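File shown: input05.cif. Contents: mmCIF, C-alpha atoms (C1' of nucleotides).
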```
data_my_file
#
loop_
_atom_site.label_atom_id
_atom_site.label_comp_id
_atom_site.auth_asym_id
_atom_site.auth_seq_id
_atom_site.Cartn_x
_atom_site.Cartn_y
_atom_site.Cartn_z
CA MET A 277 -14.51 -7.99 18.80
CA ASN A 278 -12.28 -5.84 16.66
CA VAL A 279 -12.71 -3.03 14.21
CA THR A 280 -11.30 -4.16 10.86
CA ALA A 281 -8.88 -2.11 8.79
CA LEU A 282 -11.42 -1.86 6.00
CA GLU A 283 -13.98 -0.45 8.39
CA GLU A 284 -11.60 2.09 9.85
CA TYR A 285 -10.00 3.35 6.64
CA GLY A 286 -13.06 3.00 4.47
CA LEU A 287 -15.12 5.04 6.91
CA ARG A 288 -12.44 7.72 6.97
CA CYS A 289 -12.58 7.98 3.18
CA ALA A 290 -16.36 8.21 3.26
CA VAL A 291 -16.12 11.02 5.79
CA GLN A 292 -13.77 12.88 3.45
CA LEU A 293 -16.49 12.79 0.83
CA ALA A 294 -19.09 13.87 3.36
CA SER A 295 -17.26 17.11 4.07
CA LEU A 296 -17.07 17.92 0.39
CA PRO A 297 -18.90 20.95 -1.07
CA GLU A 298 -22.03 20.10 -3.03
CA GLY A 299 -21.42 19.15 -6.65
CA THR A 300 -17.68 18.65 -6.33
CA THR A 301 -15.70 15.42 -6.38
CA LEU A 302 -12.53 14.17 -4.77
CA SER A 303 -10.04 11.98 -6.60
CA ALA A 304 -8.40 8.87 -5.16
CA PRO A 305 -4.96 10.55 -5.09
CA GLU A 306 -6.42 13.46 -3.15
CA ILE A 307 -8.15 11.20 -0.64
CA ALA A 308 -4.98 9.16 -0.27
CA GLU A 309 -3.00 12.32 0.36
CA ARG A 310 -5.44 13.56 2.99
CA GLU A 311 -5.63 10.26 4.82
CA GLY A 312 -2.01 9.22 4.50
CA LEU A 313 -2.90 6.04 2.61
CA SER A 314 -1.71 4.64 -0.71
CA ILE A 315 -3.69 5.49 -3.80
CA GLU A 316 -4.20 1.81 -4.60
CA TYR A 317 -5.58 1.06 -1.16
CA VAL A 318 -7.99 3.98 -1.30
CA SER A 319 -9.15 2.81 -4.72
CA LYS A 320 -10.01 -0.53 -3.19
CA PHE A 321 -12.30 1.02 -0.59
CA MET A 322 -13.95 3.32 -3.05
CA LEU A 323 -14.72 0.44 -5.38
CA LEU A 324 -16.54 -1.31 -2.55
CA LEU A 325 -18.48 1.83 -1.70
CA LYS A 326 -19.34 2.37 -5.34
CA ARG A 327 -20.63 -1.18 -5.73
CA ALA A 328 -22.86 -0.59 -2.72
CA GLU A 329 -24.11 2.49 -4.55
CA LEU A 330 -23.12 4.78 -1.71
CA VAL A 331 -20.70 6.62 -3.94
CA ARG A 332 -20.92 7.88 -7.49
CA THR A 333 -17.89 8.31 -9.68
CA VAL A 334 -16.76 10.55 -12.47
CA ARG A 335 -14.23 8.99 -14.77
CA GLY A 336 -11.48 10.56 -16.81
CA ILE A 337 -9.26 13.49 -16.01
CA LYS A 338 -10.83 15.88 -13.49
CA GLY A 339 -12.85 12.89 -12.31
CA GLY A 340 -13.29 11.62 -8.77
CA PHE A 341 -15.74 10.41 -6.14
CA ALA A 342 -18.75 11.87 -4.40
CA LEU A 343 -21.47 10.52 -2.13
CA SER A 344 -24.54 9.43 -4.06
CA ARG A 345 -26.81 10.73 -1.29
CA GLN A 346 -26.74 13.44 1.35
CA PRO A 347 -24.39 12.64 4.27
CA ALA A 348 -27.33 12.78 6.68
CA GLU A 349 -29.08 10.10 4.62
CA ILE A 350 -26.22 7.60 4.77
CA SER A 351 -25.95 5.58 7.94
CA LEU A 352 -22.64 4.30 9.19
CA LYS A 353 -24.08 0.80 9.09
CA GLU A 354 -24.52 1.06 5.34
CA VAL A 355 -20.92 2.15 4.96
CA LEU A 356 -19.52 -0.52 7.26
CA ASP A 357 -21.59 -3.27 5.67
CA ALA A 358 -20.40 -2.25 2.24
CA LEU A 359 -16.81 -2.47 3.40
CA ASN A 360 -17.20 -5.75 5.25
CA GLY A 361 -18.74 -7.56 2.33
CA ARG A 362 -21.01 -9.63 4.52
CA LYS A 363 -20.24 -9.73 8.20
CA LYS A 364 -21.59 -12.63 10.19
CA SER A 365 -24.08 -11.15 12.59
CA GLY A 366 -26.79 -12.48 14.82
CA SER A 367 -27.46 -16.18 14.66
CA GLU A 368 -24.88 -16.87 11.99
CA PHE A 369 -22.52 -17.75 14.79
CA CYS A 370 -24.31 -21.09 14.90
CA LYS A 371 -22.78 -21.99 11.56
CA SER A 372 -19.31 -21.70 13.02
CA PHE A 373 -17.96 -25.09 13.95
CA THR A 374 -15.11 -27.36 13.02
CA GLY A 375 -14.78 -30.64 11.21
CA LYS A 376 -16.21 -33.00 13.73
CA SER A 377 -19.78 -31.79 14.03
CA ASP A 378 -22.37 -31.02 11.39
CA ALA A 379 -24.11 -28.32 13.40
CA CYS A 380 -23.52 -26.26 16.50
CA VAL A 381 -23.31 -28.55 19.51
CA ARG A 382 -25.39 -26.14 21.51
CA PHE A 383 -28.41 -26.28 19.25
CA GLY A 384 -31.56 -26.08 21.30
CA SER A 385 -30.17 -24.64 24.48
CA CYS A 386 -27.62 -21.91 24.06
CA SER A 387 -27.08 -18.95 26.35
CA ILE A 388 -24.08 -17.62 24.44
CA ARG A 389 -25.92 -16.82 21.26
CA PRO A 390 -28.41 -14.42 22.90
CA PHE A 391 -25.43 -12.70 24.44
CA TRP A 392 -23.72 -12.14 21.10
CA ASP A 393 -27.06 -11.31 19.56
CA LEU A 394 -27.61 -8.47 21.97
CA LEU A 395 -24.15 -7.10 21.53
CA SER A 396 -24.22 -7.17 17.74
CA GLY A 397 -27.80 -5.97 17.84
CA TYR A 398 -26.73 -2.95 19.80
CA VAL A 399 -23.91 -2.24 17.40
CA GLU A 400 -26.29 -2.46 14.48
CA GLU A 401 -28.82 -0.21 16.16
CA PHE A 402 -26.20 2.38 16.97
CA THR A 403 -24.49 2.39 13.60
CA SER A 404 -27.89 2.55 11.91
CA ARG A 405 -28.73 5.78 13.70
CA MET A 406 -25.40 7.48 13.25
CA THR A 407 -24.88 9.08 9.86
CA LEU A 408 -21.92 10.45 7.98
CA ALA A 409 -23.25 13.92 8.75
CA ASP A 410 -22.69 13.22 12.45
CA LEU A 411 -19.02 12.58 11.80
CA ILE A 412 -18.16 15.90 10.26
CA ARG A 413 -18.93 17.94 13.33
CA PRO A 414 -16.15 19.17 15.63
CA GLU A 415 -14.70 16.56 17.96
CA GLU A 416 -15.96 18.08 21.23
CA GLU A 417 -19.50 18.19 19.99
CA ILE A 418 -19.76 14.53 19.08
CA ARG A 419 -17.82 13.54 22.16
CA ASP A 420 -20.39 15.20 24.41
CA LYS A 421 -23.20 13.43 22.65
CA THR A 422 -21.69 10.00 22.80
CA ARG A 423 -20.74 10.46 26.42
CA SER A 424 -24.27 11.28 27.47
CA ILE A 425 -25.69 8.38 25.52
CA ALA A 426 -23.26 6.00 27.11
CA SER A 427 -23.99 7.21 30.64
CA ASP A 428 -27.71 6.94 30.04
CA HIS A 429 -27.26 3.38 28.97
CA VAL A 430 -25.06 2.46 31.88
CA GLY A 431 -27.70 3.97 34.12
CA GLN A 432 -30.24 1.60 32.67
CA MET A 433 -27.97 -1.36 33.27
CA ARG A 434 -27.33 -0.33 36.87
CA LYS A 435 -31.05 -0.47 37.57
CA GLY A 436 -30.53 -4.18 37.94
CA GLU A 437 -31.79 -5.64 34.72
CA LEU A 438 -28.59 -7.52 34.15
CA ARG A 439 -27.09 -9.07 37.25
CA SER A 440 -30.30 -9.56 39.24
CA MET R 300 -16.51 -5.25 13.99
CA ASN R 301 -16.34 -9.01 14.21
CA VAL R 302 -16.26 -11.60 16.94
CA THR R 303 -13.02 -13.55 16.62
CA ALA R 304 -12.82 -17.34 16.61
CA LEU R 305 -10.80 -17.28 19.81
CA GLU R 306 -13.48 -15.22 21.54
CA GLU R 307 -16.30 -17.46 20.40
CA TYR R 308 -14.71 -20.85 21.07
CA GLY R 309 -12.74 -19.79 24.13
CA LEU R 310 -15.86 -18.38 25.75
CA ARG R 311 -17.72 -21.62 25.03
CA CYS R 312 -15.01 -23.62 26.75
CA ALA R 313 -15.10 -21.29 29.75
CA VAL R 314 -18.85 -21.77 29.97
CA GLN R 315 -18.34 -25.53 30.01
CA LEU R 316 -16.20 -25.08 33.10
CA ALA R 317 -18.77 -22.74 34.65
CA SER R 318 -21.43 -25.42 34.60
CA LEU R 319 -19.15 -27.89 36.32
CA PRO R 320 -19.94 -29.22 39.83
CA GLU R 321 -17.81 -27.71 42.58
CA GLY R 322 -14.45 -29.42 43.07
CA THR R 323 -14.47 -31.36 39.81
CA THR R 324 -12.41 -30.78 36.68
CA LEU R 325 -12.94 -31.27 32.98
CA SER R 326 -10.19 -32.53 30.66
CA ALA R 327 -9.33 -31.06 27.28
CA PRO R 328 -10.54 -34.18 25.44
CA GLU R 329 -13.86 -33.95 27.26
CA ILE R 330 -14.28 -30.25 26.45
CA ALA R 331 -13.32 -30.91 22.85
CA GLU R 332 -15.90 -33.68 22.65
CA ARG R 333 -18.65 -31.51 24.11
CA GLU R 334 -17.92 -28.55 21.88
CA GLY R 335 -17.07 -30.41 18.71
CA LEU R 336 -13.56 -28.97 18.55
CA SER R 337 -10.15 -30.60 18.23
CA ILE R 338 -8.27 -31.39 21.40
CA GLU R 339 -5.28 -29.36 20.28
CA TYR R 340 -7.38 -26.30 19.61
CA VAL R 341 -9.09 -26.52 22.96
CA SER R 342 -5.70 -26.84 24.63
CA LYS R 343 -4.69 -23.59 23.01
CA PHE R 344 -7.62 -21.72 24.52
CA MET R 345 -7.18 -23.25 27.93
CA LEU R 346 -3.54 -22.29 28.02
CA LEU R 347 -4.51 -18.66 27.43
CA LEU R 348 -7.14 -18.81 30.16
CA LYS R 349 -4.69 -20.42 32.54
CA ARG R 350 -2.05 -17.75 31.90
CA ALA R 351 -4.66 -15.13 32.71
CA GLU R 352 -5.24 -17.04 35.95
CA LEU R 353 -8.90 -17.52 35.19
CA VAL R 354 -8.46 -21.28 35.14
CA ARG R 355 -6.55 -23.68 37.34
CA THR R 356 -5.25 -26.99 36.09
CA VAL R 357 -4.57 -30.44 37.45
CA ARG R 358 -1.88 -32.32 35.61
CA GLY R 359 -1.43 -36.00 35.05
CA ILE R 360 -3.98 -38.70 34.46
CA LYS R 361 -7.37 -37.80 35.90
CA GLY R 362 -6.30 -34.19 35.50
CA GLY R 363 -8.21 -31.37 33.86
CA PHE R 364 -9.35 -27.75 34.09
CA ALA R 365 -11.55 -25.78 36.45
CA LEU R 366 -12.33 -22.10 36.97
CA SER R 367 -10.08 -20.52 39.57
CA ARG R 368 -12.96 -18.38 40.87
CA GLN R 369 -16.74 -18.61 41.12
CA PRO R 370 -18.50 -18.17 37.74
CA ALA R 371 -20.35 -15.14 39.11
CA GLU R 372 -16.99 -13.53 39.94
CA ILE R 373 -15.58 -13.84 36.44
CA SER R 374 -16.70 -11.23 33.93
CA LEU R 375 -16.91 -11.98 30.25
CA LYS R 376 -14.54 -9.10 29.64
CA GLU R 377 -11.83 -10.89 31.60
CA VAL R 378 -12.34 -14.01 29.54
CA LEU R 379 -12.41 -12.20 26.21
CA ASP R 380 -9.36 -10.10 27.05
CA ALA R 381 -7.43 -13.22 28.02
CA LEU R 382 -8.29 -14.81 24.68
CA ASN R 383 -7.57 -11.72 22.61
CA GLY R 384 -4.13 -11.16 24.00
CA ARG R 385 -4.36 -7.40 23.82
CA LYS R 386 -7.13 -5.93 21.76
CA LYS R 387 -6.76 -2.40 20.55
CA SER R 388 -9.45 -0.40 22.23
CA GLY R 389 -10.24 3.26 22.67
CA SER R 390 -7.71 5.69 21.33
CA GLU R 391 -5.29 3.07 20.09
CA PHE R 392 -6.94 3.44 16.72
CA CYS R 393 -4.84 6.57 16.33
CA LYS R 394 -1.75 4.41 16.03
CA SER R 395 -3.16 2.75 12.94
CA PHE R 396 -1.71 4.32 9.82
CA THR R 397 0.35 3.28 6.85
CA GLY R 398 3.81 4.07 5.58
CA LYS R 399 3.42 7.63 4.50
CA SER R 400 2.56 9.37 7.74
CA ASP R 401 4.18 9.25 11.14
CA ALA R 402 0.98 9.80 13.07
CA CYS R 403 -2.73 9.82 12.44
CA VAL R 404 -3.57 12.52 9.93
CA ARG R 405 -6.58 13.48 11.96
CA PHE R 406 -4.69 14.33 15.10
CA GLY R 407 -6.28 17.32 16.81
CA SER R 408 -9.68 17.19 15.17
CA CYS R 409 -11.21 13.78 14.77
CA SER R 410 -14.87 12.89 14.95
CA ILE R 411 -14.37 9.25 14.10
CA ARG R 412 -12.38 8.36 17.21
CA PRO R 413 -15.11 9.42 19.67
CA PHE R 414 -17.50 7.30 17.65
CA TRP R 415 -15.36 4.18 17.97
CA ASP R 416 -14.64 5.09 21.58
CA LEU R 417 -18.30 5.05 22.47
CA LEU R 418 -18.93 1.79 20.70
CA SER R 419 -15.99 -0.04 22.24
CA GLY R 420 -16.75 1.63 25.55
CA TYR R 421 -20.21 0.19 25.46
CA VAL R 422 -18.92 -3.24 24.63
CA GLU R 423 -16.47 -3.06 27.53
CA GLU R 424 -19.14 -1.87 29.92
CA PHE R 425 -21.50 -4.61 28.90
CA THR R 426 -18.99 -7.44 28.94
CA SER R 427 -17.70 -6.21 32.29
CA ARG R 428 -21.13 -6.61 33.87
CA MET R 429 -21.97 -9.96 32.36
CA THR R 430 -20.44 -12.95 34.11
CA LEU R 431 -19.98 -16.59 33.28
CA ALA R 432 -22.77 -17.34 35.74
CA ASP R 433 -25.16 -15.41 33.49
CA LEU R 434 -24.35 -17.72 30.61
CA ILE R 435 -25.37 -20.97 32.24
CA ARG R 436 -28.99 -20.04 32.69
CA PRO R 437 -31.64 -21.29 30.27
CA GLU R 438 -31.77 -19.53 26.94
CA GLU R 439 -35.17 -17.87 27.40
CA GLU R 440 -34.12 -16.30 30.66
CA ILE R 441 -31.07 -14.54 29.34
CA ARG R 442 -32.86 -13.63 26.14
CA ASP R 443 -35.51 -11.75 28.09
CA LYS R 444 -32.90 -9.83 30.01
CA THR R 445 -30.85 -8.83 27.04
CA ARG R 446 -33.94 -7.82 25.13
CA SER R 447 -35.12 -5.43 27.82
CA ILE R 448 -31.69 -3.89 28.18
CA ALA R 449 -31.49 -3.31 24.46
CA SER R 450 -34.91 -1.71 24.26
CA ASP R 451 -34.10 0.55 27.19
CA HIS R 452 -31.03 1.72 25.39
CA VAL R 453 -32.76 2.28 22.11
CA GLY R 454 -35.33 4.31 24.02
CA GLN R 455 -32.60 6.57 25.28
CA MET R 456 -31.28 7.05 21.79
CA ARG R 457 -34.70 7.86 20.41
CA LYS R 458 -34.99 10.74 22.86
CA GLY R 459 -32.91 12.67 20.41
CA GLU R 460 -29.45 12.73 21.90
CA LEU R 461 -27.95 11.38 18.75
CA ARG R 462 -29.44 12.83 15.62
CA SER R 463 -30.20 16.18 17.22
"C1'" DT Y 243 8.59 -48.92 37.69
"C1'" DT Y 244 6.30 -48.49 33.73
"C1'" DG Y 245 2.57 -47.22 30.71
"C1'" DA Y 246 -1.34 -44.40 29.89
"C1'" DA Y 247 -3.63 -40.14 30.10
"C1'" DA Y 248 -3.43 -35.68 30.85
"C1'" DC Y 249 -1.43 -30.69 30.73
"C1'" DA Y 250 2.52 -27.43 28.59
"C1'" DA Y 251 4.70 -25.33 25.01
"C1'" DT Y 252 6.25 -24.38 20.71
"C1'" DA Y 253 6.57 -25.01 15.86
"C1'" DC Y 254 4.23 -25.65 11.75
"C1'" DT Y 255 0.50 -25.37 8.00
"C1'" DT Y 256 -3.52 -23.39 6.14
"C1'" DT Y 257 -6.65 -19.73 5.49
"C1'" DT Y 258 -8.02 -15.02 5.74
"C1'" DT Y 259 -6.98 -10.30 5.88
"C1'" DT Y 260 -4.23 -6.54 4.55
"C1'" DG Y 261 -1.95 -3.99 1.30
"C1'" DT Y 262 0.46 -3.41 -3.37
"C1'" DA Y 263 1.10 -3.74 -8.50
"C1'" DC Y 264 -0.21 -3.35 -12.87
"C1'" DG Y 265 -2.72 -3.28 -17.25
"C1'" DG Y 266 -6.92 -1.61 -19.29
"C1'" DA Y 267 -10.90 1.75 -20.04
"C1'" DT Y 268 -12.76 6.51 -19.89
"C1'" DT Y 269 -12.77 11.43 -20.26
"C1'" DT Y 270 -10.76 16.02 -20.60
"C1'" DT Y 271 -7.66 19.17 -22.67
"C1'" DA Y 272 -4.31 20.79 -25.71
"C1'" DT F 255 -5.98 12.83 -32.08
"C1'" DA F 256 -2.87 12.12 -28.55
"C1'" DA F 257 -1.35 12.69 -23.93
"C1'" DA F 258 -2.50 12.93 -19.22
"C1'" DA F 259 -5.16 11.96 -15.33
"C1'" DT F 260 -8.50 9.37 -13.65
"C1'" DC F 261 -11.48 5.24 -12.47
"C1'" DC F 262 -11.87 -0.16 -12.94
"C1'" DG F 263 -10.59 -4.60 -12.00
"C1'" DT F 264 -7.92 -8.38 -11.06
"C1'" DA F 265 -3.79 -10.54 -9.75
"C1'" DC F 266 -0.24 -10.73 -6.60
"C1'" DA F 267 2.61 -10.39 -2.05
"C1'" DA F 268 2.94 -9.86 2.82
"C1'" DA F 269 1.12 -10.25 7.34
"C1'" DA F 270 -2.03 -11.97 10.67
"C1'" DA F 271 -5.32 -15.29 12.33
"C1'" DA F 272 -6.94 -19.91 12.60
"C1'" DG F 273 -6.12 -24.41 13.33
"C1'" DT F 274 -2.91 -28.69 13.55
"C1'" DA F 275 1.19 -31.50 14.92
"C1'" DT F 276 4.61 -32.79 17.78
"C1'" DT F 277 7.43 -33.24 21.66
"C1'" DG F 278 8.01 -32.86 26.49
"C1'" DT F 279 6.49 -33.05 31.46
"C1'" DT F 280 3.47 -34.55 35.16
"C1'" DT F 281 0.61 -37.74 37.65
"C1'" DC F 282 -2.00 -41.86 38.58
"C1'" DA F 283 -2.50 -46.65 38.88
"C1'" DA F 284 -1.50 -51.31 37.80
#
```
Written as structure tokens, that's how I'd like the structure from this file.
Amino acid sequence: MNVTALEEYGLRCAVQLASLPEGTTLSAPEIAEREGLSIEYVSKFMLLLKRAELVRTVRGIKGGFALSRQPAEISLKEVLDALNGRKKSGSEFCKSFTGKSDACVRFGSCSIRPFWDLLSGYVEEFTSRMTLADLIRPEEEIRDKTRSIASDHVGQMRKGELRS
Amino acid sequence: MNVTALEEYGLRCAVQLASLPEGTTLSAPEIAEREGLSIEYVSKFMLLLKRAELVRTVRGIKGGFALSRQPAEISLKEVLDALNGRKKSGSEFCKSFTGKSDACVRFGSCSIRPFWDLLSGYVEEFTSRMTLADLIRPEEEIRDKTRSIASDHVGQMRKGELRS
DNA sequence: TTGAAACAATACTTTTTTGTACGGATTTTA
DNA sequence: TAAAATCCGTACAAAAAAGTATTGTTTCAA
């Protein structure tokens, strides 16, 4: 379970836009400069974000990019989904097989799928509730939040729901 | 954030071994048959699991594979780590950059890293507590468990730790 | 002892992901 | 109107992941 390059870099670019003053735009060269990426690569991300209608563009000289909505109204899930094209989540794992079989061998009785389902379900839930606005606060602030959430959750698990 | 093919298929093969009667082994051709994978591909996974000492092997005719410990003593994290070689977790994201810069541009003040840290931290926590024994129960049973864990966690998030 | 069936290991091919290059379209400004 | 700076889009190259092929070693059993 890895974070893809598109997710990582694309999210960074989106966060750059989130910290932008209202009404202003940021050009691809500027974003590239700030993030230490090539202009062409940044353009690729921004095109994806634009097609998902998360970003609006201004063409021509003095043009650039801006978020099409308020940072607090854009969830990280929306951003990540836009960058990933279409990630296979939930029960789409069942379509993964190789030549020999026509369908997943485990059809009917599968304990692995619910496991992946929970994990990806959690990721979706979490990224749905986090917004770009959350990512432009100072590091310590967000770190405290995430830490407390994590410990709460671990506490729930320790209560014995899992191992039993 | 995607599940890799190695994780998916390798875990399936490990589960096949987990449901094996004590003292018996399962050969690569047999595993391949049961999972609908090629023998060569299965061999690749098993080699990784063997090198991580999660699996013991018997060579020669009538040989095969078996778990080197009890299913309940092998966490899914161990299995997934063995299959992934070395996945970049936690703050290793900071080492991801391209040509222009020598280090992550965001060094010192980064709100994205804590976000990824929490997410991957959760995944690690969860996969550490799940074992192969959990994956050989009937589907409904594990589904109920995972569902309740997830709802507990969402409840915690709803309490307002995240959005503030 | 010899052949068959299995693991062991590495090399190879194919596919996907990652990242770059380049030509065209749009808008501002001089 | 023309040049400059920008977005737009696709095509291309490089790297990594996925999956296959092959050769060698071990063990059992006839």
- Selected residue, from R:Ser337, R:Ser374, R:Thr430, R:Ser318, that lies nearest to chain F when counting only C-alpha atoms (C1' of nucleotides): R:Ser337
- Item | Reference answer for the PyMOL selection byres ((chain F and resi 272-275) around 8), as a PyMOL selection string | (chain R and resi 304+339-340) or (chain Y and resi 254-257) or (chain F and resi 271+276)
- Task: List, as a ChimeraX atom specification, every residue that the PyMOL selection byres ((chain F) within 9 of (chain A)) selects in the file provided.
- Result: /F:258-262
Dump of C-alpha atoms (C1' of nucleotides) for the selected residues, as a PDB file, in the coordinates of the input:
```pdb
ATOM      1  C1'  DA F 258      -2.500  12.930 -19.220  1.00  0.00           C
ATOM      2  C1'  DA F 259      -5.160  11.960 -15.330  1.00  0.00           C
ATOM      3  C1'  DT F 260      -8.500   9.370 -13.650  1.00  0.00           C
ATOM      4  C1'  DC F 261     -11.480   5.240 -12.470  1.00  0.00           C
ATOM      5  C1'  DC F 262     -11.870  -0.160 -12.940  1.00  0.00           C
TER       6       DC F 262
END
```
- Message: Within 8 Å of chain A, which residues belong to chain Y? Use all atoms listed in the file and report them as a ChimeraX atom specification.
- Response: /Y:260-262,268-270
- Task: Would you kindly translate the PyMOL selection byres ((chain R and resi 322) around 12) into the concrete residues it picks from this file, as a VMD selection string?
- Result: chain R and resid 316 to 321 323 to 325 355 to 357 363 to 369
How would the residues just picked look written out with C-alpha atoms as a PDB file, in the frame of the given file?
```
ATOM      1  CA  LEU R 316     -16.200 -25.080  33.100  1.00  0.00           C
ATOM      2  CA  ALA R 317     -18.770 -22.740  34.650  1.00  0.00           C
ATOM      3  CA  SER R 318     -21.430 -25.420  34.600  1.00  0.00           C
ATOM      4  CA  LEU R 319     -19.150 -27.890  36.320  1.00  0.00           C
ATOM      5  CA  PRO R 320     -19.940 -29.220  39.830  1.00  0.00           C
ATOM      6  CA  GLU R 321     -17.810 -27.710  42.580  1.00  0.00           C
ATOM      7  CA  THR R 323     -14.470 -31.360  39.810  1.00  0.00           C
ATOM      8  CA  THR R 324     -12.410 -30.780  36.680  1.00  0.00           C
ATOM      9  CA  LEU R 325     -12.940 -31.270  32.980  1.00  0.00           C
ATOM     10  CA  ARG R 355      -6.550 -23.680  37.340  1.00  0.00           C
ATOM     11  CA  THR R 356      -5.250 -26.990  36.090  1.00  0.00           C
ATOM     12  CA  VAL R 357      -4.570 -30.440  37.450  1.00  0.00           C
ATOM     13  CA  GLY R 363      -8.210 -31.370  33.860  1.00  0.00           C
ATOM     14  CA  PHE R 364      -9.350 -27.750  34.090  1.00  0.00           C
ATOM     15  CA  ALA R 365     -11.550 -25.780  36.450  1.00  0.00           C
ATOM     16  CA  LEU R 366     -12.330 -22.100  36.970  1.00  0.00           C
ATOM     17  CA  SER R 367     -10.080 -20.520  39.570  1.00  0.00           C
ATOM     18  CA  ARG R 368     -12.960 -18.380  40.870  1.00  0.00           C
ATOM     19  CA  GLN R 369     -16.740 -18.610  41.120  1.00  0.00           C
TER      20      GLN R 369
END
```
- Tell me, in Å to one decimal, how far CA of Ile373 (chain R) is from C1' of DA251 (chain Y). 26.0 Å
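For the pair CA of Leu431 (chain R) and CA of Leu375 (chain R), the separation is 6.3 Å.
The space separating CA of Val291 (chain A) from CA of Val302 (chain R) comes to 25.2 Å.
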Mind giving me the axis-aligned box for region 402-421 of chain R with 6 Å on every side, centre plus edges in Å to one decimal, as AutoDock Vina command-line options?
```
--center_x -9.6 --center_y 8.6 --center_z 17.7 --size_x 33.2 --size_y 29.4 --size_z 27.6
```
- Taking the point (-24.8, 19.0, 7.7) as given in the file, collect each protein or nucleic acid residue that comes within 8 Å of it, counting all atoms listed in the file, and present the set as a list in words. Pro347, Ala348, Ala409, Asp410 and Ile412 of chain A
- Considering only C-alpha atoms, state which residue in the set R:Gly335, R:Leu382, R:Ile330, R:Ala313 is at the smallest distance from chain A. R:Gly335
- Item | Counting only C-alpha atoms, the option among A:Ala358, A:Ala308, A:Leu325, A:Leu313 closest to chain R |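 The shortest atom-to-atom distance to chain R comes from A:Leu313.
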- Nearest to chain R, restricted to only C-alpha atoms and choosing among A:Glu349, A:Glu306, A:Glu283, A:Glu354, comes out as A:Glu283
- Message: Given all atoms listed in the file as the basis, pick out the residue of R:Ala402, R:Ala351, R:Glu334, R:Gln315 nearest to chain A.
- Response: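 Answer, going by the shortest atom-to-atom distance: R:Glu334.
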- Item | Nearest to chain R by atom-to-atom distance, counting all atoms listed in the file, from A:Gly286, A:Ser404, A:Lys353, A:Phe391 | A:Phe391
